[in-house]
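The structure appears below as structure tokens.
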Amino acid sequence: MNGKIFDSELKILDVLWQNGATTARDIAARLQKDVGWRKTTTYTVIRKCLEKGIVAKEEPDFLCRPLVTREQVQQMETADLLDKLYDGAPDRLIASLLDSQKLSPEQISRLKHLVAELE
């Protein structure tokens with residue numbers, strides 16, 4: 001991956017993650033319906049995704065497929081967030097989340113299980 005992934009590029013990736021390989025025309029139709037993008041906007045963003053190496057294009061029909069998984073992007077964005085706002089300290093991020101969110105008993109149980117696995 002070359003550089004930060006912007007929200008507009010995530011919209012392209014979301015379509016591909018949900019549907020698998022998809023033609024640029026179908027991506028444009030979907031995003032026109034979902035977010036009101038014009039075809040030229042979608043093609044411009046697809047081109048940026050190709051340049052960044054996060055999407056591949058195959059002929060015929062300008063078939064697009066993702067080169068990154070949702071999990072890879074989540075990990076990259078999380079690392080960026082940690083570095084930018086929490087000096088790289090995951091415990092500070094988690095403390096911030098816990099202070100600002102009301103967790104259900106199930107969520108608390110899952111967190112305890114995750115911490116136990118780390119120990």
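Convention: chains lettered A, B, ... in structure tokens order; per-chain residue numbering from 1; ligands numbered from 1 as shown.
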List the spatial neighbours of Asp61 (chain A) as a PDB file with N, CA and C atoms, in the first residue's frame - criterion: any atom at most 10 Å away, only C-alpha atoms, same-chain residues fewer than 3 positions off excluded.
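The result, written out as around-v3.pdb:
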```
ATOM      1  N   THR A  22     -15.354  -6.716  -9.555  1.00  0.00           N
ATOM      2  CA  THR A  22     -16.499  -5.972 -10.089  1.00  0.00           C
ATOM      3  C   THR A  22     -16.006  -5.045 -11.190  1.00  0.00           C
ATOM      4  N   THR A  23     -16.789  -4.882 -12.243  1.00  0.00           N
ATOM      5  CA  THR A  23     -16.389  -3.954 -13.296  1.00  0.00           C
ATOM      6  C   THR A  23     -16.485  -2.514 -12.792  1.00  0.00           C
ATOM      7  N   ALA A  24     -15.666  -1.663 -13.378  1.00  0.00           N
ATOM      8  CA  ALA A  24     -15.703  -0.245 -13.016  1.00  0.00           C
ATOM      9  C   ALA A  24     -17.098   0.325 -13.269  1.00  0.00           C
ATOM     10  N   ARG A  25     -17.730  -0.115 -14.329  1.00  0.00           N
ATOM     11  CA  ARG A  25     -19.086   0.359 -14.650  1.00  0.00           C
ATOM     12  C   ARG A  25     -20.063   0.001 -13.529  1.00  0.00           C
ATOM     13  N   LYS A  57      -6.637  -3.895 -11.951  1.00  0.00           N
ATOM     14  CA  LYS A  57      -7.578  -3.813 -13.069  1.00  0.00           C
ATOM     15  C   LYS A  57      -7.228  -4.927 -14.045  1.00  0.00           C
ATOM     16  N   GLU A  58      -8.255  -5.608 -14.533  1.00  0.00           N
ATOM     17  CA  GLU A  58      -8.070  -6.644 -15.537  1.00  0.00           C
ATOM     18  C   GLU A  58      -8.967  -6.345 -16.725  1.00  0.00           C
ATOM     19  N   CYS A  64     -12.249  -4.799 -11.728  1.00  0.00           N
ATOM     20  CA  CYS A  64     -11.446  -4.373 -10.583  1.00  0.00           C
ATOM     21  C   CYS A  64     -11.515  -5.431  -9.485  1.00  0.00           C
TER      22      CYS A  64
END
```
Sel. of alpha helix (DSSP H) residues, chain A, as a ChimeraX atom specification
/A:7-19,24-35,39-52,70-86,90-100,105-118
Provide the CA of Ile5 (chain A) to CA of Leu63 (chain A) distance in Å, to one decimal place.
20.6 Å
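Considering only C-alpha atoms, the residue among A:Gly88, A:Lys11, A:Ser104, A:Ser96 positioned nearest to Gly36 (chain A) is A:Lys11.
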Apply DSSP to the backbone of this structure and, from region 38-73 of chain A, keep only the residues in strand (DSSP E or B); write these as a PyMOL selection string.
chain A and resi 55-58+63-66
Restricting the output to N, CA and C atoms, write the selected residues as a PDB file, in the first residue's frame.
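Result file is again.pdb:
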```pdb
ATOM      1  N   VAL A  55      -5.901  -1.640  -5.593  1.00  0.00           N
ATOM      2  CA  VAL A  55      -6.868  -2.245  -6.511  1.00  0.00           C
ATOM      3  C   VAL A  55      -6.114  -2.624  -7.783  1.00  0.00           C
ATOM      4  N   ALA A  56      -6.492  -3.759  -8.372  1.00  0.00           N
ATOM      5  CA  ALA A  56      -5.938  -4.178  -9.660  1.00  0.00           C
ATOM      6  C   ALA A  56      -7.036  -4.125 -10.708  1.00  0.00           C
ATOM      7  N   LYS A  57      -6.637  -3.895 -11.951  1.00  0.00           N
ATOM      8  CA  LYS A  57      -7.578  -3.813 -13.069  1.00  0.00           C
ATOM      9  C   LYS A  57      -7.228  -4.927 -14.045  1.00  0.00           C
ATOM     10  N   GLU A  58      -8.255  -5.608 -14.533  1.00  0.00           N
ATOM     11  CA  GLU A  58      -8.070  -6.644 -15.537  1.00  0.00           C
ATOM     12  C   GLU A  58      -8.967  -6.345 -16.725  1.00  0.00           C
ATOM     13  N   LEU A  63     -12.290  -4.899 -15.174  1.00  0.00           N
ATOM     14  CA  LEU A  63     -12.671  -5.639 -13.970  1.00  0.00           C
ATOM     15  C   LEU A  63     -11.712  -5.264 -12.845  1.00  0.00           C
ATOM     16  N   CYS A  64     -12.249  -4.799 -11.728  1.00  0.00           N
ATOM     17  CA  CYS A  64     -11.446  -4.373 -10.583  1.00  0.00           C
ATOM     18  C   CYS A  64     -11.515  -5.431  -9.485  1.00  0.00           C
ATOM     19  N   ARG A  65     -10.388  -5.621  -8.821  1.00  0.00           N
ATOM     20  CA  ARG A  65     -10.383  -6.508  -7.654  1.00  0.00           C
ATOM     21  C   ARG A  65      -9.487  -5.890  -6.589  1.00  0.00           C
ATOM     22  N   PRO A  66      -9.832  -6.112  -5.322  1.00  0.00           N
ATOM     23  CA  PRO A  66      -9.031  -5.511  -4.249  1.00  0.00           C
ATOM     24  C   PRO A  66      -7.706  -6.248  -4.079  1.00  0.00           C
TER      25      PRO A  66
END
```
Which residues are near Pro90 (chain A)? Cut-off 10 Å, only C-alpha atoms, ignore same chain within fewer than 6 positions. Put them as a list in words.
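My list of contacting residues is Thr78, Ala79, Leu81, Leu82, Asp83 and Ser96 of chain A.
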Please produce a file of the residues just selected, as an mmCIF file, in the first residue's frame, where the atoms kept are N, CA, C and O atoms.
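See again-v2.cif below for the written result:
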```
data_model
loop_
_atom_site.group_PDB
_atom_site.id
_atom_site.type_symbol
_atom_site.label_atom_id
_atom_site.label_comp_id
_atom_site.auth_asym_id
_atom_site.auth_seq_id
_atom_site.Cartn_x
_atom_site.Cartn_y
_atom_site.Cartn_z
ATOM 1 N N THR A 78 -5.493 1.630 12.226
ATOM 2 C CA THR A 78 -5.348 1.587 13.683
ATOM 3 C C THR A 78 -3.937 2.002 14.089
ATOM 4 O O THR A 78 -3.756 2.788 15.028
ATOM 5 N N ALA A 79 -2.936 1.487 13.386
ATOM 6 C CA ALA A 79 -1.551 1.866 13.680
ATOM 7 C C ALA A 79 -1.350 3.362 13.487
ATOM 8 O O ALA A 79 -0.688 4.019 14.298
ATOM 9 N N LEU A 81 -3.676 5.714 13.708
ATOM 10 C CA LEU A 81 -4.387 6.376 14.801
ATOM 11 C C LEU A 81 -3.572 6.317 16.095
ATOM 12 O O LEU A 81 -3.436 7.322 16.803
ATOM 13 N N LEU A 82 -3.020 5.151 16.396
ATOM 14 C CA LEU A 82 -2.195 5.009 17.599
ATOM 15 C C LEU A 82 -1.017 5.966 17.571
ATOM 16 O O LEU A 82 -0.739 6.642 18.566
ATOM 17 N N ASP A 83 -0.322 6.004 16.451
ATOM 18 C CA ASP A 83 0.851 6.877 16.344
ATOM 19 C C ASP A 83 0.464 8.348 16.451
ATOM 20 O O ASP A 83 1.110 9.119 17.149
ATOM 21 N N SER A 96 -9.144 5.257 26.454
ATOM 22 C CA SER A 96 -9.983 6.316 25.898
ATOM 23 C C SER A 96 -11.316 5.754 25.412
ATOM 24 O O SER A 96 -12.379 6.343 25.653
#
```
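The smallest atom-to-atom distance between Leu31 (chain A) and any of A:Leu50, A:Glu106, A:Ser8, A:Leu111, using only C-alpha atoms, is found for A:Ser8.
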